[in-house]
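The next block is start.csv, given as CSV, C-alpha atoms and all ligand atoms.
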```csv
chain,number,residue,atom,x,y,z
A,1,MET,CA,21.7,-50.3,-60.2
A,2,GLN,CA,19.6,-53.4,-60.0
A,3,LYS,CA,16.6,-53.4,-62.3
A,4,LYS,CA,13.3,-53.2,-60.5
A,5,TYR,CA,10.7,-55.7,-61.6
A,6,TYR,CA,6.9,-55.3,-61.2
A,7,SER,CA,4.1,-57.8,-61.5
A,8,LEU,CA,1.0,-57.0,-63.6
A,9,TYR,CA,-2.5,-58.1,-62.5
A,10,ILE,CA,-5.3,-58.0,-65.1
A,11,HIS,CA,-8.9,-58.4,-63.8
A,12,ILE,CA,-11.5,-60.1,-66.0
A,13,PRO,CA,-14.8,-59.3,-64.4
A,14,TRP,CA,-17.3,-61.8,-65.7
A,15,CYS,CA,-18.6,-65.2,-64.5
A,16,LEU,CA,-21.3,-67.5,-65.9
A,17,LYS,CA,-22.8,-67.7,-62.5
A,18,LYS,CA,-21.9,-66.2,-59.1
A,19,CYS,CA,-20.8,-68.8,-56.6
A,20,PRO,CA,-22.5,-68.1,-53.2
A,21,TYR,CA,-19.2,-68.0,-51.2
A,22,CYS,CA,-17.2,-65.8,-53.6
A,23,ASP,CA,-16.4,-62.1,-52.8
A,24,PHE,CA,-14.2,-61.5,-55.9
A,25,TYR,CA,-15.6,-58.8,-58.1
A,26,SER,CA,-17.5,-60.2,-61.1
A,27,LEU,CA,-20.7,-59.6,-63.1
A,28,VAL,CA,-22.9,-62.5,-64.3
A,29,THR,CA,-22.8,-62.7,-68.0
A,30,SER,CA,-26.6,-63.4,-68.4
A,31,ASP,CA,-27.4,-60.2,-66.5
A,32,ILE,CA,-25.5,-58.0,-69.0
A,33,ASN,CA,-24.9,-57.7,-72.7
A,34,PHE,CA,-21.9,-60.0,-72.7
A,35,ASN,CA,-20.8,-60.2,-76.3
A,36,LYS,CA,-17.7,-60.0,-78.6
A,37,ASN,CA,-18.1,-56.2,-78.8
A,38,ILE,CA,-17.9,-55.6,-75.0
A,39,LYS,CA,-15.0,-58.0,-74.6
A,40,GLN,CA,-13.0,-56.1,-77.3
A,41,ARG,CA,-13.9,-52.8,-75.8
A,42,TYR,CA,-12.9,-54.0,-72.3
A,43,ILE,CA,-9.5,-55.2,-73.7
A,44,ASN,CA,-8.9,-51.9,-75.5
A,45,ASN,CA,-9.6,-50.0,-72.2
A,46,LEU,CA,-7.3,-52.3,-70.3
A,47,LEU,CA,-4.5,-51.1,-72.5
A,48,LEU,CA,-5.4,-47.4,-71.9
A,49,ASP,CA,-5.7,-48.1,-68.2
A,50,LEU,CA,-2.1,-49.6,-68.3
A,51,GLU,CA,-0.9,-46.5,-70.2
A,52,ASN,CA,-2.3,-44.2,-67.5
A,53,ASP,CA,-0.5,-46.2,-64.8
A,54,LEU,CA,2.8,-46.1,-66.7
A,55,PHE,CA,2.4,-42.4,-67.1
A,56,PHE,CA,1.8,-42.1,-63.3
A,57,LEU,CA,4.9,-44.2,-62.6
A,58,LYS,CA,6.9,-41.7,-64.7
A,59,LYS,CA,9.5,-44.3,-65.8
A,60,ASN,CA,10.8,-44.8,-69.3
A,61,LYS,CA,10.7,-48.5,-69.2
A,62,ILE,CA,8.8,-50.8,-66.8
A,63,TYR,CA,10.1,-54.3,-66.4
A,64,ILE,CA,7.5,-57.1,-65.7
A,65,LYS,CA,8.3,-60.4,-64.0
A,66,SER,CA,4.8,-61.9,-63.9
A,67,ILE,CA,1.4,-61.4,-65.4
A,68,PHE,CA,-1.8,-62.8,-63.8
A,69,PHE,CA,-5.2,-62.9,-65.5
A,70,GLY,CA,-7.5,-63.2,-62.5
A,71,GLY,CA,-11.2,-62.9,-62.1
A,72,GLY,CA,-14.0,-63.5,-62.3
A,73,THR,CA,-13.4,-66.1,-65.0
A,74,PRO,CA,-10.6,-65.1,-67.4
A,75,SER,CA,-11.2,-68.3,-69.4
A,76,LEU,CA,-14.4,-66.6,-70.8
A,77,ILE,CA,-12.0,-64.6,-72.9
A,78,ASN,CA,-10.7,-66.6,-75.9
A,79,GLY,CA,-7.0,-67.1,-76.6
A,80,LYS,CA,-7.0,-64.8,-79.7
A,81,LEU,CA,-8.1,-61.8,-77.6
A,82,ILE,CA,-5.6,-62.8,-74.8
A,83,SER,CA,-2.9,-63.0,-77.5
A,84,TYR,CA,-3.8,-59.6,-78.9
A,85,LEU,CA,-3.7,-58.1,-75.4
A,86,LEU,CA,-0.4,-59.7,-74.5
A,87,ASN,CA,1.1,-58.5,-77.8
A,88,GLU,CA,0.0,-54.9,-77.2
A,89,ILE,CA,1.2,-55.0,-73.5
A,90,ASN,CA,4.6,-56.2,-74.9
A,91,LYS,CA,4.8,-53.0,-76.9
A,92,LYS,CA,4.4,-50.8,-73.7
A,93,VAL,CA,6.5,-52.7,-71.1
A,94,TYR,CA,9.5,-55.0,-71.1
A,95,ILE,CA,8.3,-58.5,-70.2
A,96,LYS,CA,11.1,-60.6,-68.8
A,97,LYS,CA,11.8,-63.7,-71.0
A,98,SER,CA,11.2,-66.0,-68.0
A,99,ALA,CA,8.1,-64.2,-66.9
A,100,GLU,CA,5.4,-66.3,-65.3
A,101,ILE,CA,2.1,-65.7,-67.2
A,102,THR,CA,-0.9,-67.3,-65.5
A,103,ILE,CA,-4.6,-67.5,-66.4
A,104,GLU,CA,-7.3,-68.5,-64.0
A,105,THR,CA,-9.9,-70.8,-65.5
A,106,ASN,CA,-13.2,-72.5,-64.6
A,107,PRO,CA,-13.7,-76.1,-65.8
A,108,SER,CA,-16.9,-74.9,-67.6
A,109,SER,CA,-14.9,-72.7,-70.0
A,110,ILE,CA,-11.9,-75.0,-70.6
A,111,ASN,CA,-11.8,-76.5,-74.1
A,112,LYS,CA,-9.0,-77.7,-76.4
A,113,LYS,CA,-9.2,-74.7,-78.7
A,114,ASN,CA,-8.8,-72.2,-75.9
A,115,ILE,CA,-6.0,-74.1,-74.2
A,116,LEU,CA,-4.0,-74.4,-77.4
A,117,GLU,CA,-4.5,-70.7,-78.1
A,118,TYR,CA,-3.5,-69.7,-74.6
A,119,LYS,CA,-0.3,-71.7,-75.1
A,120,LYS,CA,0.4,-69.9,-78.3
A,121,SER,CA,-0.2,-66.5,-76.7
A,122,GLY,CA,2.6,-67.0,-74.2
A,123,ILE,CA,0.6,-68.1,-71.2
A,124,ASN,CA,2.8,-70.6,-69.4
A,125,ARG,CA,0.8,-71.4,-66.2
A,126,ILE,CA,-2.9,-72.4,-65.8
A,127,SER,CA,-4.8,-72.2,-62.6
A,128,ILE,CA,-7.9,-74.4,-62.6
A,129,GLY,CA,-10.8,-73.7,-60.1
A,130,ILE,CA,-11.8,-77.2,-59.2
A,131,GLN,CA,-12.8,-76.8,-55.5
A,132,SER,CA,-13.9,-80.5,-55.1
A,133,PHE,CA,-14.3,-83.7,-57.0
A,134,ASN,CA,-17.4,-84.6,-55.1
A,135,ASP,CA,-20.7,-83.8,-56.9
A,136,ILE,CA,-22.6,-83.1,-53.7
A,137,SER,CA,-20.0,-80.7,-52.5
A,138,LEU,CA,-19.9,-78.9,-55.9
A,139,LYS,CA,-23.6,-78.5,-55.7
A,140,LEU,CA,-23.6,-77.1,-52.2
A,141,LEU,CA,-20.9,-74.7,-53.4
A,142,GLY,CA,-23.2,-73.6,-56.2
A,143,ARG,CA,-20.6,-74.6,-58.9
A,144,ILE,CA,-21.8,-75.0,-62.4
A,145,HIS,CA,-19.6,-78.0,-63.2
A,146,SER,CA,-19.7,-81.6,-62.2
A,147,ALA,CA,-16.7,-83.7,-60.9
A,148,LYS,CA,-16.6,-85.3,-64.3
A,149,ASP,CA,-16.3,-81.9,-66.0
A,150,ALA,CA,-13.5,-81.0,-63.6
A,151,ILE,CA,-11.6,-84.2,-64.5
A,152,ASN,CA,-12.1,-83.6,-68.2
A,153,ALA,CA,-10.9,-80.0,-67.9
A,154,ILE,CA,-7.7,-81.1,-66.1
A,155,HIS,CA,-7.0,-83.7,-68.9
A,156,THR,CA,-7.6,-81.0,-71.5
A,157,VAL,CA,-5.0,-78.8,-69.9
A,158,ILE,CA,-2.4,-81.6,-69.5
A,159,ASP,CA,-3.1,-83.2,-73.0
A,160,ASN,CA,-2.6,-79.8,-74.7
A,161,GLY,CA,0.8,-79.1,-73.4
A,162,PHE,CA,0.6,-77.4,-70.0
A,163,THR,CA,2.8,-79.0,-67.3
A,164,ASN,CA,2.8,-76.0,-65.0
A,165,PHE,CA,-0.7,-75.9,-63.7
A,166,ASN,CA,-2.4,-75.2,-60.3
A,167,ILE,CA,-5.5,-76.8,-58.9
A,168,ASP,CA,-7.7,-74.7,-56.5
A,169,LEU,CA,-9.3,-76.9,-53.9
A,170,MET,CA,-11.5,-76.0,-50.9
A,171,TYR,CA,-12.1,-77.8,-47.6
A,172,GLY,CA,-14.6,-77.1,-44.9
A,173,ILE,CA,-17.4,-77.3,-47.4
A,174,PRO,CA,-21.0,-77.8,-45.9
A,175,LYS,CA,-21.6,-81.4,-44.9
A,176,GLN,CA,-18.0,-82.4,-45.7
A,177,SER,CA,-16.5,-85.2,-43.6
A,178,LEU,CA,-12.8,-85.8,-43.0
A,179,LYS,CA,-12.9,-88.8,-45.4
A,180,GLU,CA,-14.4,-86.7,-48.2
A,181,ALA,CA,-11.9,-83.9,-47.7
A,182,LYS,CA,-9.1,-86.4,-47.8
A,183,ASN,CA,-10.6,-88.0,-50.9
A,184,ASP,CA,-10.6,-84.6,-52.7
A,185,LEU,CA,-6.8,-84.4,-52.0
A,186,TYR,CA,-6.2,-87.9,-53.2
A,187,GLN,CA,-8.1,-87.2,-56.4
A,188,THR,CA,-6.1,-84.0,-56.9
A,189,LEU,CA,-2.8,-85.9,-56.4
A,190,LEU,CA,-3.7,-88.3,-59.2
A,191,PHE,CA,-3.0,-85.5,-61.7
A,192,ASN,CA,0.4,-84.7,-60.2
A,193,PRO,CA,-0.1,-80.9,-60.3
A,194,LYS,CA,3.0,-78.7,-59.8
A,195,HIS,CA,1.0,-76.4,-57.5
A,196,ILE,CA,-2.0,-76.9,-55.3
A,197,SER,CA,-3.9,-74.0,-53.6
A,198,TRP,CA,-5.9,-75.6,-50.7
A,199,TYR,CA,-8.2,-73.1,-49.2
A,200,GLN,CA,-10.5,-73.4,-46.2
A,201,LEU,CA,-13.9,-72.1,-47.1
A,202,THR,CA,-14.3,-68.7,-45.5
A,203,ILE,CA,-17.7,-67.1,-45.1
A,204,GLU,CA,-17.3,-63.6,-46.6
A,205,PRO,CA,-19.8,-61.0,-45.3
A,206,ASN,CA,-20.8,-59.6,-48.8
A,207,THR,CA,-21.8,-62.9,-50.3
A,208,ILE,CA,-24.9,-65.2,-50.3
A,209,PHE,CA,-23.2,-67.4,-47.7
A,210,GLY,CA,-22.5,-64.3,-45.6
A,211,LYS,CA,-26.2,-63.4,-45.7
A,212,TYR,CA,-27.6,-67.0,-45.3
A,213,LYS,CA,-24.9,-68.9,-43.4
A,214,PRO,CA,-25.0,-72.5,-44.8
A,215,LYS,CA,-26.1,-75.2,-42.4
A,216,ASN,CA,-23.9,-78.2,-41.7
A,217,LEU,CA,-20.6,-76.5,-41.9
A,218,PRO,CA,-18.0,-78.9,-40.5
A,219,LYS,CA,-17.3,-78.3,-36.8
A,220,ASN,CA,-13.9,-76.9,-35.6
A,221,ASP,CA,-12.7,-80.3,-34.5
A,222,ILE,CA,-13.3,-81.8,-37.9
A,223,LEU,CA,-11.7,-78.7,-39.6
A,224,TRP,CA,-8.6,-79.2,-37.4
A,225,LYS,CA,-8.4,-82.9,-38.4
A,226,ILE,CA,-8.8,-82.1,-42.1
A,227,PHE,CA,-6.1,-79.4,-41.8
A,228,LYS,CA,-3.6,-81.6,-39.9
A,229,GLU,CA,-4.2,-84.8,-41.9
A,230,GLY,CA,-4.4,-83.0,-45.3
A,231,LYS,CA,-1.1,-81.4,-44.7
A,232,LYS,CA,0.4,-84.8,-43.8
A,233,ILE,CA,-0.9,-86.3,-47.0
A,234,LEU,CA,0.5,-83.4,-49.2
A,235,LYS,CA,3.9,-83.7,-47.4
A,236,LYS,CA,3.9,-87.5,-48.0
A,237,TYR,CA,3.4,-86.9,-51.7
A,238,GLY,CA,6.3,-84.5,-51.9
A,239,TYR,CA,4.6,-81.1,-51.6
A,240,ILE,CA,6.2,-78.2,-49.9
A,241,ASN,CA,3.9,-76.0,-47.9
A,242,TYR,CA,5.5,-72.6,-48.7
A,243,GLU,CA,2.5,-70.3,-47.9
A,244,ILE,CA,-0.6,-70.8,-45.6
A,245,SER,CA,-2.7,-72.3,-48.5
A,246,SER,CA,0.0,-73.0,-51.2
A,247,PHE,CA,1.7,-76.3,-51.8
A,248,VAL,CA,4.3,-76.9,-54.5
A,249,LYS,CA,6.1,-79.9,-56.0
A,250,GLU,CA,9.4,-78.2,-56.6
A,251,ASN,CA,10.6,-74.7,-55.5
A,252,ILE,CA,10.7,-73.4,-59.1
A,253,PHE,CA,6.9,-73.8,-59.4
A,254,LYS,CA,6.1,-71.5,-56.5
A,255,CYS,CA,3.7,-68.9,-57.8
A,256,LYS,CA,6.0,-66.0,-58.6
A,257,HIS,CA,3.1,-63.6,-59.0
A,258,ASN,CA,1.6,-64.3,-55.6
A,259,LEU,CA,5.1,-64.4,-54.0
A,260,ASN,CA,5.5,-60.8,-55.2
A,261,TYR,CA,2.3,-59.8,-53.2
A,262,TRP,CA,3.5,-61.7,-50.1
A,263,ASN,CA,7.0,-60.2,-50.3
A,264,PHE,CA,5.3,-56.8,-50.4
A,265,GLY,CA,6.6,-56.1,-53.9
A,266,ASP,CA,5.2,-53.6,-56.3
A,267,TYR,CA,2.5,-54.4,-58.9
A,268,ILE,CA,0.3,-52.7,-61.4
A,269,GLY,CA,-3.4,-53.7,-61.4
A,270,ILE,CA,-5.6,-53.0,-64.4
A,271,GLY,CA,-9.2,-53.7,-65.1
A,272,CYS,CA,-12.5,-53.2,-63.1
A,273,ALA,CA,-11.9,-53.3,-59.3
A,274,ALA,CA,-8.2,-54.2,-59.7
A,275,HIS,CA,-5.8,-53.2,-57.0
A,276,GLY,CA,-2.2,-52.0,-57.5
A,277,LYS,CA,0.7,-50.9,-55.3
A,278,PHE,CA,3.7,-48.8,-56.3
A,279,THR,CA,6.6,-47.4,-54.4
A,280,MET,CA,7.5,-43.9,-55.6
A,281,ASN,CA,11.0,-42.4,-55.1
A,282,ASN,CA,11.9,-45.4,-52.9
A,283,LYS,CA,9.7,-43.9,-50.2
A,284,ASN,CA,6.0,-43.3,-50.8
A,285,ILE,CA,3.9,-46.4,-51.2
A,286,ILE,CA,0.7,-45.8,-53.2
A,287,ARG,CA,-2.2,-48.1,-53.5
A,288,THR,CA,-4.5,-47.8,-56.5
A,289,VAL,CA,-8.1,-49.2,-56.9
A,290,LYS,CA,-9.7,-49.1,-60.3
A,291,ASN,CA,-13.4,-48.4,-61.0
A,292,SER,CA,-15.7,-51.3,-60.4
A,293,ASN,CA,-18.4,-49.8,-62.5
A,294,ILE,CA,-17.9,-51.4,-65.9
A,295,THR,CA,-19.9,-48.8,-67.8
A,296,LYS,CA,-17.7,-46.1,-66.3
A,297,TYR,CA,-14.6,-48.2,-66.9
A,298,ILE,CA,-15.2,-48.8,-70.6
A,299,ASN,CA,-15.8,-45.1,-70.9
A,300,GLY,CA,-12.4,-44.3,-69.7
A,301,ASN,CA,-12.9,-43.7,-66.0
A,302,TYR,CA,-10.2,-46.1,-64.7
A,303,LEU,CA,-8.9,-44.8,-61.4
A,304,PHE,CA,-11.3,-45.1,-58.5
A,305,SER,CA,-8.8,-44.2,-55.7
A,306,SER,CA,-5.2,-43.7,-55.2
A,307,THR,CA,-4.0,-43.6,-51.5
A,308,LYS,CA,-0.6,-43.2,-49.9
A,309,ILE,CA,0.1,-45.7,-47.2
A,310,LYS,CA,0.6,-43.9,-43.9
A,311,ASP,CA,4.1,-44.4,-42.5
A,312,SER,CA,2.5,-45.8,-39.3
A,313,ASP,CA,0.8,-48.5,-41.4
A,314,LYS,CA,3.7,-49.7,-43.5
A,315,MET,CA,5.2,-52.0,-40.9
A,316,ILE,CA,2.0,-54.0,-40.2
A,317,GLU,CA,1.1,-54.1,-43.9
A,318,PHE,CA,4.6,-55.6,-44.6
A,319,PHE,CA,4.2,-58.2,-41.9
A,320,LEU,CA,0.6,-59.1,-42.8
A,321,ASN,CA,1.7,-60.1,-46.3
A,322,ARG,CA,5.2,-61.4,-45.5
A,323,LEU,CA,4.2,-63.7,-42.6
A,324,ARG,CA,2.0,-65.7,-45.0
A,325,ILE,CA,5.2,-67.3,-46.4
A,326,PHE,CA,7.3,-69.6,-44.3
A,327,LYS,CA,10.7,-68.1,-45.0
A,328,LYS,CA,13.1,-66.1,-42.8
A,329,ILE,CA,12.8,-62.3,-43.3
A,330,SER,CA,15.9,-60.5,-44.3
A,331,LYS,CA,16.3,-57.2,-42.5
A,332,LYS,CA,17.6,-55.6,-45.7
A,333,GLU,CA,14.4,-56.7,-47.5
A,334,PHE,CA,12.3,-55.1,-44.8
A,335,THR,CA,14.0,-51.8,-45.2
A,336,LEU,CA,14.0,-52.0,-49.0
A,337,ASN,CA,10.3,-52.6,-49.2
A,338,THR,CA,9.1,-50.3,-46.5
A,339,GLY,CA,11.7,-47.5,-46.3
A,340,ILE,CA,11.8,-48.1,-42.5
A,341,LYS,CA,15.1,-48.7,-40.7
A,342,ILE,CA,15.2,-51.9,-38.7
A,343,SER,CA,16.8,-49.9,-35.8
A,344,SER,CA,13.5,-48.0,-35.4
A,345,ILE,CA,11.5,-51.2,-34.7
A,346,THR,CA,13.8,-52.8,-32.1
A,347,GLU,CA,11.2,-52.4,-29.4
A,348,TYR,CA,8.6,-54.5,-31.3
A,349,ILE,CA,11.3,-57.1,-32.2
A,350,ALA,CA,12.3,-57.4,-28.6
A,351,LYS,CA,8.7,-57.9,-27.5
A,352,SER,CA,8.1,-60.7,-30.1
A,353,GLU,CA,11.4,-62.3,-29.1
A,354,LYS,CA,10.6,-62.3,-25.4
A,355,LEU,CA,7.3,-64.0,-26.1
A,356,GLY,CA,9.2,-66.7,-28.2
A,357,TYR,CA,7.5,-65.7,-31.5
A,358,ILE,CA,10.6,-64.8,-33.4
A,359,LYS,CA,14.3,-65.3,-33.3
A,360,ASN,CA,16.4,-62.2,-34.0
A,361,ASN,CA,19.8,-62.7,-35.5
A,362,LYS,CA,22.2,-60.3,-37.2
A,363,ASP,CA,20.6,-60.3,-40.7
A,364,TYR,CA,17.3,-62.1,-40.3
A,365,LEU,CA,14.1,-62.3,-38.3
A,366,ILE,CA,13.0,-65.9,-38.0
A,367,VAL,CA,9.4,-66.7,-37.0
A,368,THR,CA,9.3,-69.7,-34.6
A,369,LYS,CA,6.8,-72.5,-34.6
A,370,LYS,CA,5.1,-70.7,-31.7
A,371,GLY,CA,5.0,-67.5,-33.7
A,372,TYR,CA,3.2,-69.2,-36.6
A,373,LEU,CA,0.8,-70.9,-34.1
A,374,PHE,CA,-0.1,-67.5,-32.5
A,375,LEU,CA,0.2,-65.5,-35.8
A,376,ASN,CA,-2.6,-63.1,-34.8
A,377,ASP,CA,-0.9,-62.3,-31.5
A,378,LEU,CA,2.4,-61.8,-33.2
A,379,LEU,CA,0.8,-59.4,-35.7
A,380,GLU,CA,-0.9,-57.5,-32.9
A,381,ILE,CA,2.6,-56.5,-31.7
A,382,PHE,CA,3.3,-54.7,-35.0
A,383,VAL,CA,0.0,-52.9,-35.2
A,401,LIG,C1,-11.2,-65.8,-58.3
A,401,LIG,S1,-11.4,-67.5,-58.1
A,401,LIG,C2,-11.0,-67.9,-59.8
A,401,LIG,C3,-11.3,-69.3,-60.3
A,401,LIG,C4,-12.5,-69.4,-61.2
A,401,LIG,N1,-13.2,-68.3,-61.3
A,401,LIG,C5,-13.3,-70.5,-60.7
A,401,LIG,O1,-14.0,-70.3,-59.7
A,401,LIG,O2,-13.3,-71.6,-61.2
A,401,LIG,C6,-10.0,-68.0,-57.2
A,401,LIG,C7,-10.2,-69.1,-56.2
A,401,LIG,O3,-10.5,-68.5,-54.9
A,401,LIG,C8,-11.0,-69.5,-54.1
A,401,LIG,N2,-12.1,-68.9,-53.3
A,401,LIG,C9,-12.9,-67.9,-53.7
A,401,LIG,N3,-13.7,-67.6,-52.6
A,401,LIG,C10,-13.4,-68.3,-51.6
A,401,LIG,C11,-13.8,-68.4,-50.2
A,401,LIG,N4,-14.9,-67.7,-49.8
A,401,LIG,N5,-13.2,-69.3,-49.4
A,401,LIG,C12,-12.2,-70.0,-49.8
A,401,LIG,N6,-11.7,-70.0,-51.1
A,401,LIG,C13,-12.3,-69.1,-51.9
A,401,LIG,C14,-11.5,-70.6,-54.9
A,401,LIG,O4,-10.8,-71.8,-54.7
A,401,LIG,C15,-11.3,-70.1,-56.3
A,401,LIG,O5,-10.9,-71.1,-57.2
A,402,LIG,S1,-15.4,-68.7,-57.5
A,402,LIG,FE1,-14.8,-68.2,-59.6
A,402,LIG,S2,-16.6,-68.7,-60.9
A,402,LIG,FE2,-17.3,-68.6,-58.8
A,402,LIG,S3,-18.0,-66.4,-58.6
A,402,LIG,FE3,-15.9,-66.5,-57.8
A,402,LIG,S4,-14.7,-65.9,-59.6
A,402,LIG,FE4,-16.7,-66.5,-60.4
```

Let me see whether you can do it: turn the structure in this file into structure tokens.
Ligand SMILES: C[S@@+](CC[C@H](N)C(=O)[O-])C[C@H]1O[C@@H](n2cnc3c(N)ncnc32)[C@H](O)[C@@H]1O
Ligand code: SF4
Amino acid sequence: MQKKYYSLYIHIPWCLKKCPYCDFYSLVTSDINFNKNIKQRYINNLLLDLENDLFFLKKNKIYIKSIFFGGGTPSLINGKLISYLLNEINKKVYIKKSAEITIETNPSSINKKNILEYKKSGINRISIGIQSFNDISLKLLGRIHSAKDAINAIHTVIDNGFTNFNIDLMYGIPKQSLKEAKNDLYQTLLFNPKHISWYQLTIEPNTIFGKYKPKNLPKNDILWKIFKEGKKILKKYGYINYEISSFVKENIFKCKHNLNYWNFGDYIGIGCAAHGKFTMNNKNIIRTVKNSNITKYINGNYLFSSTKIKDSDKMIEFFLNRLRIFKKISKKEFTLNTGIKISSITEYIAKSEKLGYIKNNKDYLIVTKKGYLFLNDLLEIFV
């Protein structure tokens, strides 16, 4: 039987300052007692949290194909602690030799010592939250670093041995013009990153921007021009747009961890507010959410909820994730990941085909250009 591989997500729930647009779960370090002691306690609890999940999975050996330290700001944890954590994890699960191990970083906490230690710990991919190279945009986004800090941080990552790095960039920033958005892309390209995540700023309800909508957000016609011209620039420079917001220089640098989410694969999520998804007995899909209360978490209350996905929701959940990546869908893969026979969804497939959203051949479903253009309408069919 083929070995099953999981991904492992580790949430680091601290930031030096909360950015007004960001809905990711994090605590501001100055509001709490953020010290060496709490970091070590948190790391120790991450290991116990993992043990609980492994017990729940009831398997002798769990094989891991990717690890992702996300946040918050994982680069607030030094390389020695990350190294300790990875070593201990390695004793509990089998980490594939070629596993992708990523850490998210903020330019304000990147320094030579940390980067060298991360490299030594086994981390092989760095994601840098740059957002913009324009000081006015950075200020409007409430970032704590300048464009110069961002440039220095990227140099530190490259000069200390990381070739596989991602740059997070945003567009649709308040007051941003087409020229400024293009300039951010050109600045990014100067560093020749293997991967670029180019996100349109979204206004999330539970954020400061959600409460006080920023003035001067670019109008839809400007956003459309930025999107169209930005994609053209990235293509011209050899980047493949493999997912809505993800661009890669060569296929081997596609983010394996995120691909696992988009392929509706299984993953273990540890740490405050982390999410996980496991398939039990090839049938029941369970979603886990960990406690977001850090005091409860470091006192051993890890699991907040564990819910079985209803059979009626599996199909739409699969398509919601899978349609983010621009690749034909194998019918076998659909059945393997949902437990649903393709013959039981023929009615939905026929409807999508009739509207020109997908092509249906023997082994694959292929989303057409029209299907991607009217993605929400296509998804509606599978709800
Ligand atoms: C969890 S953050 C981690 C990066 C790191 N904490 C930092 O900000 O430097 C991951 C990325 O999500 C993106 N992001 C967060 N909130 C967003 C929003 N409302 N709209 C678009 N992108 C967002 C940003 O590009 C950010 O770098
Ligand atoms: S964008 Fe990054 S630094 Fe800003 S609040 Fe979110 S996680 Fe923290």

Handout entry: Point-to-point distance in Å for atom CA of A:Lys91 and atom CA of A:Val289
Key = 24.1 Å

Listing only residues of chain A within 6 Å of ligand LIG 401 (chain A), what is the closest atom pair and its distance in Å (to one decimal) for each, using all atoms listed in the file, sorted by chain and residue number ascending, as JSON lines?
```
{"residue": "A:Tyr21", "atom": "CA", "partner": "A:LIG401", "partner_atom": "N4", "distance": 4.5}
{"residue": "A:Cys22", "atom": "CA", "partner": "A:LIG401", "partner_atom": "N3", "distance": 4.1}
{"residue": "A:Phe24", "atom": "CA", "partner": "A:LIG401", "partner_atom": "C1", "distance": 5.8}
{"residue": "A:Gly71", "atom": "CA", "partner": "A:LIG401", "partner_atom": "C1", "distance": 4.8}
{"residue": "A:Gly72", "atom": "CA", "partner": "A:LIG401", "partner_atom": "N1", "distance": 5.0}
{"residue": "A:Thr73", "atom": "CA", "partner": "A:LIG401", "partner_atom": "N1", "distance": 4.3}
{"residue": "A:Glu104", "atom": "CA", "partner": "A:LIG401", "partner_atom": "C3", "distance": 5.5}
{"residue": "A:Thr105", "atom": "CA", "partner": "A:LIG401", "partner_atom": "C4", "distance": 5.2}
{"residue": "A:Asn106", "atom": "CA", "partner": "A:LIG401", "partner_atom": "O2", "distance": 3.5}
{"residue": "A:Gly129", "atom": "CA", "partner": "A:LIG401", "partner_atom": "O2", "distance": 3.4}
{"residue": "A:Gln131", "atom": "CA", "partner": "A:LIG401", "partner_atom": "O4", "distance": 5.4}
{"residue": "A:Asp168", "atom": "CA", "partner": "A:LIG401", "partner_atom": "O4", "distance": 4.6}
{"residue": "A:Leu169", "atom": "CA", "partner": "A:LIG401", "partner_atom": "O4", "distance": 5.4}
{"residue": "A:Met170", "atom": "CA", "partner": "A:LIG401", "partner_atom": "O4", "distance": 5.7}
{"residue": "A:Tyr199", "atom": "CA", "partner": "A:LIG401", "partner_atom": "N6", "distance": 5.0}
{"residue": "A:Gln200", "atom": "CA", "partner": "A:LIG401", "partner_atom": "C12", "distance": 5.2}
{"residue": "A:Leu201", "atom": "CA", "partner": "A:LIG401", "partner_atom": "N5", "distance": 3.7}
{"residue": "A:Thr202", "atom": "CA", "partner": "A:LIG401", "partner_atom": "N5", "distance": 4.1}
{"residue": "A:Ile203", "atom": "CA", "partner": "A:LIG401", "partner_atom": "N4", "distance": 5.5}
{"residue": "A:Glu204", "atom": "CA", "partner": "A:LIG401", "partner_atom": "N4", "distance": 5.7}
```

Problem - All residues 12 Å or closer to A:His155, all atoms listed in the file, same chain fewer than 3 positions away omitted, as a ChimeraX atom specification - result: /A:107,110-112,115,128,148-152,158-163,165,190-193

Output the selection as an mmCIF file, in the frame of the given file - C-alpha atoms for each residue.
```
data_model
loop_
_atom_site.group_PDB
_atom_site.id
_atom_site.type_symbol
_atom_site.label_atom_id
_atom_site.label_comp_id
_atom_site.auth_asym_id
_atom_site.auth_seq_id
_atom_site.Cartn_x
_atom_site.Cartn_y
_atom_site.Cartn_z
ATOM 1 C CA PRO A 107 -13.700 -76.100 -65.800
ATOM 2 C CA ILE A 110 -11.900 -75.000 -70.600
ATOM 3 C CA ASN A 111 -11.800 -76.500 -74.100
ATOM 4 C CA LYS A 112 -9.000 -77.700 -76.400
ATOM 5 C CA ILE A 115 -6.000 -74.100 -74.200
ATOM 6 C CA ILE A 128 -7.900 -74.400 -62.600
ATOM 7 C CA LYS A 148 -16.600 -85.300 -64.300
ATOM 8 C CA ASP A 149 -16.300 -81.900 -66.000
ATOM 9 C CA ALA A 150 -13.500 -81.000 -63.600
ATOM 10 C CA ILE A 151 -11.600 -84.200 -64.500
ATOM 11 C CA ASN A 152 -12.100 -83.600 -68.200
ATOM 12 C CA ILE A 158 -2.400 -81.600 -69.500
ATOM 13 C CA ASP A 159 -3.100 -83.200 -73.000
ATOM 14 C CA ASN A 160 -2.600 -79.800 -74.700
ATOM 15 C CA GLY A 161 0.800 -79.100 -73.400
ATOM 16 C CA PHE A 162 0.600 -77.400 -70.000
ATOM 17 C CA THR A 163 2.800 -79.000 -67.300
ATOM 18 C CA PHE A 165 -0.700 -75.900 -63.700
ATOM 19 C CA LEU A 190 -3.700 -88.300 -59.200
ATOM 20 C CA PHE A 191 -3.000 -85.500 -61.700
ATOM 21 C CA ASN A 192 0.400 -84.700 -60.200
ATOM 22 C CA PRO A 193 -0.100 -80.900 -60.300
#
```
